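Trainee: I am sharing target05.txt, which consists of compact mmCIF, C-alpha atoms and all ligand atoms:
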```txt
# COMPACT_ATOMS: atom_id res chain seq x y z
CA MET T 1 88.27 8.57 -6.28
CA GLN T 2 90.79 6.72 -8.44
CA ILE T 3 93.59 5.13 -6.47
CA ASN T 4 96.64 4.03 -8.39
CA ARG T 5 97.15 0.32 -7.83
CA ILE T 6 100.62 -1.02 -8.70
CA PRO T 7 100.39 -3.97 -11.13
CA PHE T 8 101.32 -7.22 -9.42
CA ILE T 9 102.46 -10.33 -11.28
CA ALA T 10 103.26 -13.48 -9.33
CA GLY T 11 104.66 -16.73 -10.66
CA ASN T 12 103.33 -19.84 -8.95
CA TRP T 13 105.88 -22.52 -9.79
CA LYS T 14 103.75 -25.22 -8.11
CA MET T 15 105.66 -28.49 -7.53
CA ASN T 16 108.35 -27.74 -10.08
CA MET T 17 112.11 -27.20 -9.87
CA THR T 18 114.69 -28.44 -7.42
CA HIS T 19 116.62 -25.73 -5.61
CA LEU T 20 119.44 -26.15 -8.13
CA GLU T 21 117.08 -25.69 -11.07
CA ALA T 22 115.56 -22.72 -9.28
CA ILE T 23 118.96 -21.01 -8.96
CA LYS T 24 119.61 -21.45 -12.68
CA PHE T 25 116.11 -20.24 -13.52
CA VAL T 26 116.38 -17.04 -11.47
CA GLN T 27 119.82 -16.33 -12.93
CA ASP T 28 118.47 -16.76 -16.47
CA LEU T 29 115.43 -14.64 -15.64
CA SER T 30 117.46 -11.82 -14.09
CA PHE T 31 119.88 -11.79 -17.00
CA GLU T 32 117.14 -10.63 -19.37
CA PHE T 33 114.87 -8.95 -16.84
CA GLU T 34 113.50 -5.57 -17.67
CA ASN T 35 110.36 -4.25 -16.12
CA LYS T 36 108.74 -1.87 -18.59
CA ASN T 37 105.52 -1.58 -16.62
CA ASN T 38 107.13 -1.21 -13.19
CA CYS T 39 105.19 -4.19 -11.94
CA GLU T 40 105.73 -5.75 -8.60
CA VAL T 41 107.02 -9.22 -9.53
CA CYS T 42 106.92 -12.13 -7.11
CA LEU T 43 108.45 -15.60 -7.50
CA CYS T 44 106.76 -18.44 -5.59
CA PRO T 45 109.02 -21.49 -5.71
CA PRO T 46 108.44 -24.69 -3.70
CA PHE T 47 109.49 -24.52 -0.02
CA THR T 48 112.76 -26.34 -0.73
CA ALA T 49 113.93 -23.57 -3.08
CA LEU T 50 112.88 -20.54 -1.01
CA ARG T 51 116.24 -20.11 0.66
CA SER T 52 118.22 -20.43 -2.57
CA VAL T 53 115.98 -18.00 -4.42
CA LYS T 54 116.16 -15.53 -1.54
CA ASN T 55 119.97 -15.72 -1.58
CA ILE T 56 120.16 -14.82 -5.27
CA ILE T 57 117.63 -12.02 -4.87
CA ASP T 58 119.69 -10.53 -2.04
CA THR T 59 123.15 -11.14 -3.47
CA ASP T 60 122.34 -9.83 -6.93
CA LYS T 61 119.97 -7.14 -5.61
CA LEU T 62 117.16 -8.35 -7.86
CA ASP T 63 113.84 -6.62 -7.96
CA PHE T 64 111.80 -9.72 -7.19
CA LYS T 65 109.60 -10.43 -4.19
CA LEU T 66 109.62 -13.91 -2.71
CA GLY T 67 106.45 -15.91 -2.13
CA ALA T 68 105.55 -19.30 -0.66
CA GLN T 69 102.74 -21.47 -2.01
CA ASN T 70 101.11 -22.48 1.27
CA MET T 71 101.65 -22.63 5.02
CA HIS T 72 100.05 -23.98 8.20
CA TRP T 73 98.25 -21.62 10.57
CA GLU T 74 100.07 -22.74 13.74
CA LYS T 75 103.37 -21.26 14.81
CA SER T 76 104.88 -24.69 15.55
CA GLY T 77 103.83 -28.11 16.79
CA ALA T 78 103.05 -31.70 15.90
CA PHE T 79 101.99 -31.20 12.29
CA THR T 80 104.23 -33.57 10.37
CA GLY T 81 105.13 -32.29 6.96
CA GLU T 82 103.80 -28.77 7.45
CA ILE T 83 105.58 -25.41 7.25
CA SER T 84 104.75 -22.63 9.70
CA PRO T 85 104.36 -18.87 9.20
CA GLU T 86 107.29 -18.38 11.56
CA MET T 87 109.50 -20.47 9.29
CA LEU T 88 108.50 -18.45 6.25
CA SER T 89 109.00 -15.22 8.10
CA ALA T 90 112.51 -16.29 9.16
CA LEU T 91 113.30 -16.81 5.48
CA GLU T 92 112.09 -13.26 4.82
CA VAL T 93 109.32 -14.43 2.54
CA ASP T 94 107.15 -11.49 1.41
CA TYR T 95 104.01 -13.20 0.12
CA VAL T 96 102.20 -16.47 0.66
CA ILE T 97 99.56 -18.00 -1.61
CA ILE T 98 96.61 -19.10 0.50
CA GLY T 99 93.76 -21.36 -0.59
CA HIS T 100 94.91 -22.17 -4.11
CA SER T 101 92.31 -24.33 -5.81
CA GLU T 102 94.75 -27.24 -5.99
CA ARG T 103 95.06 -27.07 -2.19
CA ARG T 104 91.27 -26.99 -1.89
CA GLN T 105 90.82 -29.82 -4.42
CA TYR T 106 93.58 -32.25 -3.40
CA PHE T 107 94.31 -31.31 0.21
CA ALA T 108 90.85 -30.60 1.56
CA GLU T 109 91.35 -26.91 2.30
CA THR T 110 88.16 -25.05 3.07
CA ASN T 111 87.19 -21.41 3.44
CA GLN T 112 87.54 -21.97 7.19
CA THR T 113 91.14 -23.22 7.06
CA VAL T 114 91.93 -20.46 4.59
CA ASN T 115 90.52 -17.95 7.07
CA LYS T 116 92.77 -19.29 9.86
CA LYS T 117 95.80 -19.06 7.60
CA LEU T 118 94.98 -15.52 6.49
CA LYS T 119 94.62 -14.35 10.07
CA VAL T 120 98.03 -15.59 11.14
CA CYS T 121 99.84 -14.05 8.13
CA PHE T 122 99.61 -10.57 9.59
CA ASP T 123 101.40 -11.57 12.81
CA TYR T 124 104.39 -12.57 10.72
CA ASN T 125 104.47 -9.78 8.18
CA LEU T 126 103.48 -12.15 5.39
CA LYS T 127 101.22 -10.73 2.69
CA PRO T 128 98.62 -13.23 1.57
CA ILE T 129 97.51 -13.91 -1.99
CA LEU T 130 94.04 -15.29 -1.38
CA CYS T 131 92.80 -17.55 -4.20
CA VAL T 132 89.13 -17.93 -5.05
CA GLY T 133 87.37 -19.31 -8.10
CA GLU T 134 84.54 -21.49 -9.32
CA SER T 135 84.46 -24.89 -11.05
CA LEU T 136 83.10 -25.37 -14.56
CA ASN T 137 79.86 -26.89 -13.23
CA ILE T 138 79.20 -23.90 -11.03
CA ARG T 139 79.83 -21.52 -13.93
CA GLN T 140 77.59 -23.49 -16.28
CA GLU T 141 74.80 -23.47 -13.70
CA GLY T 142 75.07 -19.67 -13.63
CA ASN T 143 76.21 -19.56 -10.00
CA ALA T 144 79.81 -18.40 -10.43
CA ILE T 145 79.44 -14.92 -8.94
CA LYS T 146 77.40 -16.13 -5.97
CA PHE T 147 79.90 -18.91 -5.26
CA VAL T 148 83.01 -16.72 -5.49
CA LEU T 149 81.53 -13.93 -3.36
CA LYS T 150 80.65 -16.48 -0.68
CA GLN T 151 84.24 -17.71 -0.76
CA VAL T 152 85.45 -14.12 -0.34
CA GLU T 153 83.09 -13.48 2.55
CA GLU T 154 83.89 -16.70 4.43
CA CYS T 155 87.64 -16.45 3.88
CA LEU T 156 87.70 -12.87 5.19
CA GLU T 157 85.48 -13.48 8.20
CA THR T 158 86.49 -11.28 11.17
CA ILE T 159 89.56 -9.93 9.37
CA GLU T 160 89.87 -6.26 10.23
CA GLU T 161 90.09 -3.29 7.89
CA ASN T 162 93.73 -2.52 8.59
CA LYS T 163 94.64 -6.15 7.78
CA VAL T 164 92.49 -6.75 4.74
CA ILE T 165 94.34 -4.08 2.74
CA GLU T 166 97.45 -6.31 2.93
CA ILE T 167 95.65 -9.04 1.00
CA THR T 168 95.80 -9.56 -2.75
CA ILE T 169 92.87 -11.54 -4.08
CA ALA T 170 93.50 -13.86 -7.02
CA TYR T 171 90.42 -14.78 -9.01
CA GLU T 172 91.24 -18.12 -10.58
CA PRO T 173 88.40 -20.01 -12.24
CA ILE T 174 89.28 -23.68 -11.73
CA TRP T 175 88.32 -24.62 -15.27
CA ALA T 176 90.94 -22.21 -16.61
CA ILE T 177 93.86 -23.45 -14.50
CA GLY T 178 96.40 -25.43 -16.49
CA THR T 179 93.86 -26.15 -19.20
CA GLY T 180 94.84 -23.56 -21.79
CA LYS T 181 91.32 -22.11 -21.51
CA THR T 182 91.32 -18.54 -20.27
CA ALA T 183 88.26 -16.72 -19.04
CA THR T 184 87.39 -13.96 -21.48
CA SER T 185 88.84 -10.71 -20.27
CA GLN T 186 85.28 -9.42 -19.93
CA ASP T 187 84.25 -12.34 -17.68
CA ALA T 188 87.43 -12.02 -15.64
CA ASN T 189 86.93 -8.28 -15.30
CA GLU T 190 83.29 -8.73 -14.32
CA MET T 191 84.19 -11.15 -11.53
CA CYS T 192 87.03 -8.96 -10.26
CA GLY T 193 84.60 -6.04 -10.21
CA GLU T 194 82.07 -8.12 -8.26
CA ILE T 195 84.79 -9.04 -5.76
CA ARG T 196 85.70 -5.36 -5.42
CA ASN T 197 82.06 -4.46 -4.76
CA LYS T 198 81.90 -7.21 -2.17
CA ILE T 199 84.95 -5.73 -0.43
CA ALA T 200 83.22 -2.34 -0.47
CA SER T 201 80.15 -3.82 1.19
CA LEU T 202 82.15 -5.84 3.76
CA TYR T 203 84.54 -2.94 4.49
CA ASN T 204 84.33 0.35 2.63
CA TYR T 205 84.80 1.97 -0.76
CA GLN T 206 88.32 3.19 -0.07
CA ILE T 207 89.50 -0.32 0.82
CA SER T 208 87.78 -1.78 -2.24
CA GLN T 209 89.71 0.65 -4.42
CA THR T 210 93.02 -0.07 -2.69
CA ILE T 211 92.99 -3.86 -2.65
CA ARG T 212 94.65 -5.55 -5.62
CA ILE T 213 92.85 -8.27 -7.54
CA GLN T 214 94.70 -10.60 -9.86
CA TYR T 215 93.39 -12.93 -12.51
CA GLY T 216 94.85 -16.43 -12.80
CA GLY T 217 94.19 -19.36 -15.15
CA SER T 218 96.21 -20.02 -18.31
CA VAL T 219 97.72 -16.55 -18.37
CA LYS T 220 100.26 -16.44 -21.21
CA PRO T 221 102.11 -13.91 -23.35
CA SER T 222 99.28 -13.87 -25.89
CA ASN T 223 96.50 -12.92 -23.46
CA ILE T 224 98.20 -10.87 -20.75
CA SER T 225 97.90 -7.46 -22.45
CA GLU T 226 94.18 -7.73 -22.88
CA LEU T 227 93.68 -8.95 -19.31
CA MET T 228 95.83 -6.12 -17.94
CA SER T 229 93.90 -3.55 -19.93
CA MET T 230 90.77 -4.35 -17.95
CA PRO T 231 90.04 -1.76 -15.24
CA GLU T 232 89.33 -4.22 -12.40
CA ILE T 233 92.32 -6.52 -13.06
CA ASP T 234 95.51 -5.43 -11.29
CA GLY T 235 97.77 -8.32 -12.11
CA ALA T 236 98.12 -12.02 -12.71
CA LEU T 237 98.88 -15.20 -10.83
CA VAL T 238 100.72 -17.25 -13.41
CA GLY T 239 101.27 -21.01 -13.20
CA GLY T 240 102.63 -22.90 -16.21
CA ALA T 241 104.00 -19.86 -18.03
CA SER T 242 105.92 -18.70 -14.94
CA ILE T 243 108.46 -21.51 -15.20
CA ASN T 244 109.48 -20.60 -18.71
CA VAL T 245 111.91 -17.66 -18.75
CA LYS T 246 110.82 -16.21 -22.09
CA ASP T 247 107.12 -16.54 -21.38
CA PHE T 248 107.36 -15.07 -17.90
CA LEU T 249 109.43 -12.12 -19.14
CA ALA T 250 106.91 -11.50 -21.92
CA ILE T 251 104.10 -11.56 -19.35
CA ILE T 252 105.88 -9.08 -17.06
CA ASN T 253 106.43 -6.75 -20.04
CA TYR T 254 102.89 -7.12 -21.38
P1 LIG T 301 98.10 -21.80 -14.89
O1 LIG T 301 97.98 -21.82 -13.31
O2 LIG T 301 98.65 -20.44 -15.28
O3 LIG T 301 99.04 -22.91 -15.24
O4 LIG T 301 96.74 -22.02 -15.44
C1 LIG T 301 97.57 -20.69 -12.59
C2 LIG T 301 97.53 -21.02 -11.13
O5 LIG T 301 97.21 -22.16 -10.78
O6 LIG T 301 97.83 -20.17 -10.27
```
Rewrite the structure of this file - the entire thing - as structure tokens.
Mentor:
Amino acid sequence: MQINRIPFIAGNWKMNMTHLEAIKFVQDLSFEFENKNNCEVCLCPPFTALRSVKNIIDTDKLDFKLGAQNMHWEKSGAFTGEISPEMLSALEVDYVIIGHSERRQYFAETNQTVNKKLKVCFDYNLKPILCVGESLNIRQEGNAIKFVLKQVEECLETIEENKVIEITIAYEPIWAIGTGKTATSQDANEMCGEIRNKIASLYNYQISQTIRIQYGGSVKPSNISELMSMPEIDGALVGGASINVKDFLAIINY
């Protein structure tokens, strides 16, 4: 059975833009925004700009979803510097990126902490974008698929069927992030297909065909069409090119 998955493009702004710059950016973006492919489009600014971006989305009735880039798994408590799911939910955030490779690399996140974060999302109506992906070493050793599927399995541990369908998985090979090197669309498609098969074996076929899988890593206007033409790739998680109005618009209208 072929289930129609809605294309999903998310912009991960990373640690860029003050809230004032964010307001200007979203205004500029909305001014020229057209959505030829009827994609779901999500903007993921830093925490400090969430409220401002949400206000523009609501006031101007813009067709953008709002996403955060991370969160803690506890509702509240003595976790200096952290942001809770409750706080994101109160800001009416739709999506939250969980386990981005930069969080794993620089802030010691593991599949186990990712799993805790995923589990709490559902209590707060937050839809997770779960990031997985291998390093260059792992790919060169020929272990990329094994490594990524283990990440998927450990991150999803004990997450139930009715919850897992809320998750978008973003396959982001670390060696392609911010480097200008993109995985070939065939390699990206192969990995997304492997992830989908893994979901089928952990859950069932129907769920594997429903869940959306994005590719991320140096997505730009020049490579988005080819990536989106691949049958297993349902969208993109875009870093660098998502903070440039023209580039992001070109990506949305691939
Ligand atoms: P990039 O980042 O598009 O700048 O490579 C992607 C990401 O980190 O999500």
Trainee: Work out how far apart atom CA of Lys54 of chain T and atom CA of Ile23 of chain T are and give it in Å to one decimal.
Mentor: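 So the two atoms, atom CA of Lys54 of chain T and atom CA of Ile23 of chain T, lie 9.6 Å apart.
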Trainee: Which neighbours of Lys36 of chain T fall inside 10 Å, counting only C-alpha atoms, when residues of the same chain fewer than 6 positions from it are skipped, and could you give them as a PDB file with C-alpha atoms, keeping the file's coordinate frame?
Mentor:
```pdb
ATOM      1  CA  ILE T 252     105.880  -9.080 -17.060  1.00  0.00           C
ATOM      2  CA  ASN T 253     106.430  -6.750 -20.040  1.00  0.00           C
ATOM      3  CA  TYR T 254     102.890  -7.120 -21.380  1.00  0.00           C
TER       4      TYR T 254
END
```
Trainee: Dump the neighbourhood of ligand LIG 301 (chain T) as a list in words: all residues within 7 Å, distances computed on only C-alpha atoms and all ligand atoms.
Mentor: Asn12, Glu172, Ala176, Ile177, Gly178, Thr179, Gly180, Gly216, Gly217, Ser218, Val219, Leu237, Val238, Gly239, Gly240 and Ala241 of chain T
Trainee: Smallest atom-to-atom distance to Lys14 of chain T: which of T:Ala90, T:His100, T:Lys246, T:Asn197, using only C-alpha atoms?
Mentor: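 Checking each candidate against Lys14 of chain T, we get T:His100 as the closest.
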Trainee: Rounded to one decimal, what separation in Å do you get between atom CA of Gly67 of chain T and atom CA of Asn189 of chain T?
Mentor: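 Result for atom CA of Gly67 of chain T versus atom CA of Asn189 of chain T: 24.8 Å, one decimal.
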Trainee: Take the point (92.0, -6.1, 0.2) in the file's coordinates, draw a sphere of radius 9 Å around it, and report as a VMD selection string every protein, DNA or RNA residue with an atom inside or on it, counting only C-alpha atoms.
Mentor: chain T and resid 161 163 to 169 196 199 207 to 213
Trainee: For Ile6 of chain T, which residue among T:Asp234, T:Phe248, T:Gly81, T:Thr110 is the nearest when counting only C-alpha atoms?
Mentor: T:Asp234
Trainee: Might you pull out every residue within 9 Å of Cys42 of chain T, with all atoms listed in the file counted and same-chain residues fewer than 3 positions away left off, and present them as a count of residues only?
Mentor: 12
Trainee: With distances taken over all atoms listed in the file, which residue among T:Asn4, T:Ser101, T:Thr113, T:Ser30 lies nearest Gly133 of chain T?
Mentor: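 Nearest candidate to Gly133 of chain T out of T:Asn4, T:Ser101, T:Thr113, T:Ser30: T:Ser101.
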Trainee: Compare T:Val148, T:Ile83, T:Ile98, T:Ala108 by their minimum atom-to-atom distance to Leu130 of chain T, counting only C-alpha atoms, and give me the closest one.
Mentor: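 Of all the options, T:Ile98 lies closest to Leu130 of chain T.
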Trainee: Nearest to Glu86 of chain T among T:Ala188, T:Val120, T:Arg51, T:Gln112, with distances taken over all atoms listed in the file: which residue is it?
Mentor: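 Closest residue, counting all atoms listed in the file: T:Val120.
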Trainee: May I ask which of the residues T:Arg139, T:Lys150, T:Arg104, T:Lys127 is the closest one to Ala68 of chain T, counting all atoms listed in the file?
Mentor: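 Smallest distance to Ala68 of chain T is found for T:Lys127.
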Trainee: Please, what distance in Å, to one decimal, runs between atom CA of His72 of chain T and atom CA of Val93 of chain T?
Mentor: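 Atom-to-atom, atom CA of His72 of chain T to atom CA of Val93 of chain T, that is 14.5 Å.
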Trainee: At a cut-off of 12 Å from (107.6, -23.5, 11.6) in the coordinates of the file, what residues are picked up using all atoms listed in the file, written as an MDAnalysis selection string?
Mentor: chainID T and resid 47 71:91 124
Trainee: Leaving out Leu20 of chain T and any residue of its chain fewer than 6 positions from it, which residues lie within 12 Å of it when counting all atoms listed in the file, given as a VMD selection string?
Mentor: chain T and resid 26 to 27 45 to 46 48 to 53 56
Trainee: Report, as lines of an AutoDock Vina configuration file, the axis-aligned box around all atoms of segment 239-246 of chain T present in the file, extended by 5 Å on each side; give centre and edge lengths in Å to one decimal place.
Mentor:
```
center_x = 106.6
center_y = -19.6
center_z = -17.6
size_x = 20.6
size_y = 16.7
size_z = 18.9
```
Trainee: Could you give me segment 89-115 of chain T completed to N, CA and C atoms, formatted as a JSON list (two decimals), keeping the file's coordinate frame?
Mentor:
```json
[["chain", "number", "residue", "atom", "x", "y", "z"],
["T", 89, "SER", "N", 108.59, -16.55, 7.70],
["T", 89, "SER", "CA", 109.00, -15.22, 8.10],
["T", 89, "SER", "C", 110.52, -15.18, 8.32],
["T", 90, "ALA", "N", 111.06, -16.23, 8.92],
["T", 90, "ALA", "CA", 112.51, -16.29, 9.16],
["T", 90, "ALA", "C", 113.29, -16.31, 7.85],
["T", 91, "LEU", "N", 112.65, -16.80, 6.80],
["T", 91, "LEU", "CA", 113.30, -16.81, 5.48],
["T", 91, "LEU", "C", 113.06, -15.49, 4.73],
["T", 92, "GLU", "N", 112.41, -14.58, 5.41],
["T", 92, "GLU", "CA", 112.09, -13.26, 4.82],
["T", 92, "GLU", "C", 111.25, -13.38, 3.55],
["T", 93, "VAL", "N", 110.30, -14.29, 3.63],
["T", 93, "VAL", "CA", 109.32, -14.43, 2.54],
["T", 93, "VAL", "C", 108.37, -13.23, 2.60],
["T", 94, "ASP", "N", 108.04, -12.66, 1.45],
["T", 94, "ASP", "CA", 107.15, -11.49, 1.41],
["T", 94, "ASP", "C", 105.68, -11.89, 1.32],
["T", 95, "TYR", "N", 105.40, -12.84, 0.42],
["T", 95, "TYR", "CA", 104.01, -13.20, 0.12],
["T", 95, "TYR", "C", 103.78, -14.69, 0.37],
["T", 96, "VAL", "N", 102.53, -15.04, 0.60],
["T", 96, "VAL", "CA", 102.20, -16.47, 0.66],
["T", 96, "VAL", "C", 100.84, -16.69, -0.01],
["T", 97, "ILE", "N", 100.82, -17.65, -0.93],
["T", 97, "ILE", "CA", 99.56, -18.00, -1.61],
["T", 97, "ILE", "C", 98.72, -18.81, -0.62],
["T", 98, "ILE", "N", 97.49, -18.42, -0.45],
["T", 98, "ILE", "CA", 96.61, -19.10, 0.50],
["T", 98, "ILE", "C", 95.34, -19.56, -0.23],
["T", 99, "GLY", "N", 95.03, -20.84, -0.06],
["T", 99, "GLY", "CA", 93.76, -21.36, -0.59],
["T", 99, "GLY", "C", 93.75, -21.55, -2.10],
["T", 100, "HIS", "N", 94.90, -21.87, -2.67],
["T", 100, "HIS", "CA", 94.91, -22.17, -4.11],
["T", 100, "HIS", "C", 93.95, -23.33, -4.38],
["T", 101, "SER", "N", 93.33, -23.30, -5.54],
["T", 101, "SER", "CA", 92.31, -24.33, -5.81],
["T", 101, "SER", "C", 92.88, -25.74, -5.77],
["T", 102, "GLU", "N", 94.17, -25.88, -6.09],
["T", 102, "GLU", "CA", 94.75, -27.24, -5.99],
["T", 102, "GLU", "C", 94.86, -27.68, -4.53],
["T", 103, "ARG", "N", 95.07, -26.75, -3.63],
["T", 103, "ARG", "CA", 95.06, -27.07, -2.19],
["T", 103, "ARG", "C", 93.64, -27.44, -1.75],
["T", 104, "ARG", "N", 92.67, -26.71, -2.28],
["T", 104, "ARG", "CA", 91.27, -26.99, -1.89],
["T", 104, "ARG", "C", 90.85, -28.34, -2.46],
["T", 105, "GLN", "N", 91.25, -28.61, -3.72],
["T", 105, "GLN", "CA", 90.82, -29.82, -4.42],
["T", 105, "GLN", "C", 91.51, -31.08, -3.90],
["T", 106, "TYR", "N", 92.83, -31.03, -3.73],
["T", 106, "TYR", "CA", 93.58, -32.25, -3.40],
["T", 106, "TYR", "C", 93.94, -32.35, -1.92],
["T", 107, "PHE", "N", 93.87, -31.26, -1.19],
["T", 107, "PHE", "CA", 94.31, -31.31, 0.21],
["T", 107, "PHE", "C", 93.25, -30.78, 1.16],
["T", 108, "ALA", "N", 92.01, -30.84, 0.71],
["T", 108, "ALA", "CA", 90.85, -30.60, 1.56],
["T", 108, "ALA", "C", 90.84, -29.25, 2.27],
["T", 109, "GLU", "N", 91.44, -28.23, 1.67],
["T", 109, "GLU", "CA", 91.35, -26.91, 2.30],
["T", 109, "GLU", "C", 89.95, -26.34, 2.12],
["T", 110, "THR", "N", 89.50, -25.64, 3.10],
["T", 110, "THR", "CA", 88.16, -25.05, 3.07],
["T", 110, "THR", "C", 88.28, -23.55, 3.31],
["T", 111, "ASN", "N", 87.18, -22.84, 3.14],
["T", 111, "ASN", "CA", 87.19, -21.41, 3.44],
["T", 111, "ASN", "C", 87.58, -21.17, 4.90],
["T", 112, "GLN", "N", 87.24, -22.13, 5.77],
["T", 112, "GLN", "CA", 87.54, -21.97, 7.19],
["T", 112, "GLN", "C", 89.05, -22.13, 7.47],
["T", 113, "THR", "N", 89.69, -23.09, 6.83],
["T", 113, "THR", "CA", 91.14, -23.22, 7.06],
["T", 113, "THR", "C", 91.87, -22.05, 6.40],
["T", 114, "VAL", "N", 91.35, -21.62, 5.27],
["T", 114, "VAL", "CA", 91.93, -20.46, 4.59],
["T", 114, "VAL", "C", 91.84, -19.23, 5.51],
["T", 115, "ASN", "N", 90.71, -19.06, 6.15],
["T", 115, "ASN", "CA", 90.52, -17.95, 7.07],
["T", 115, "ASN", "C", 91.55, -17.98, 8.22]]
```
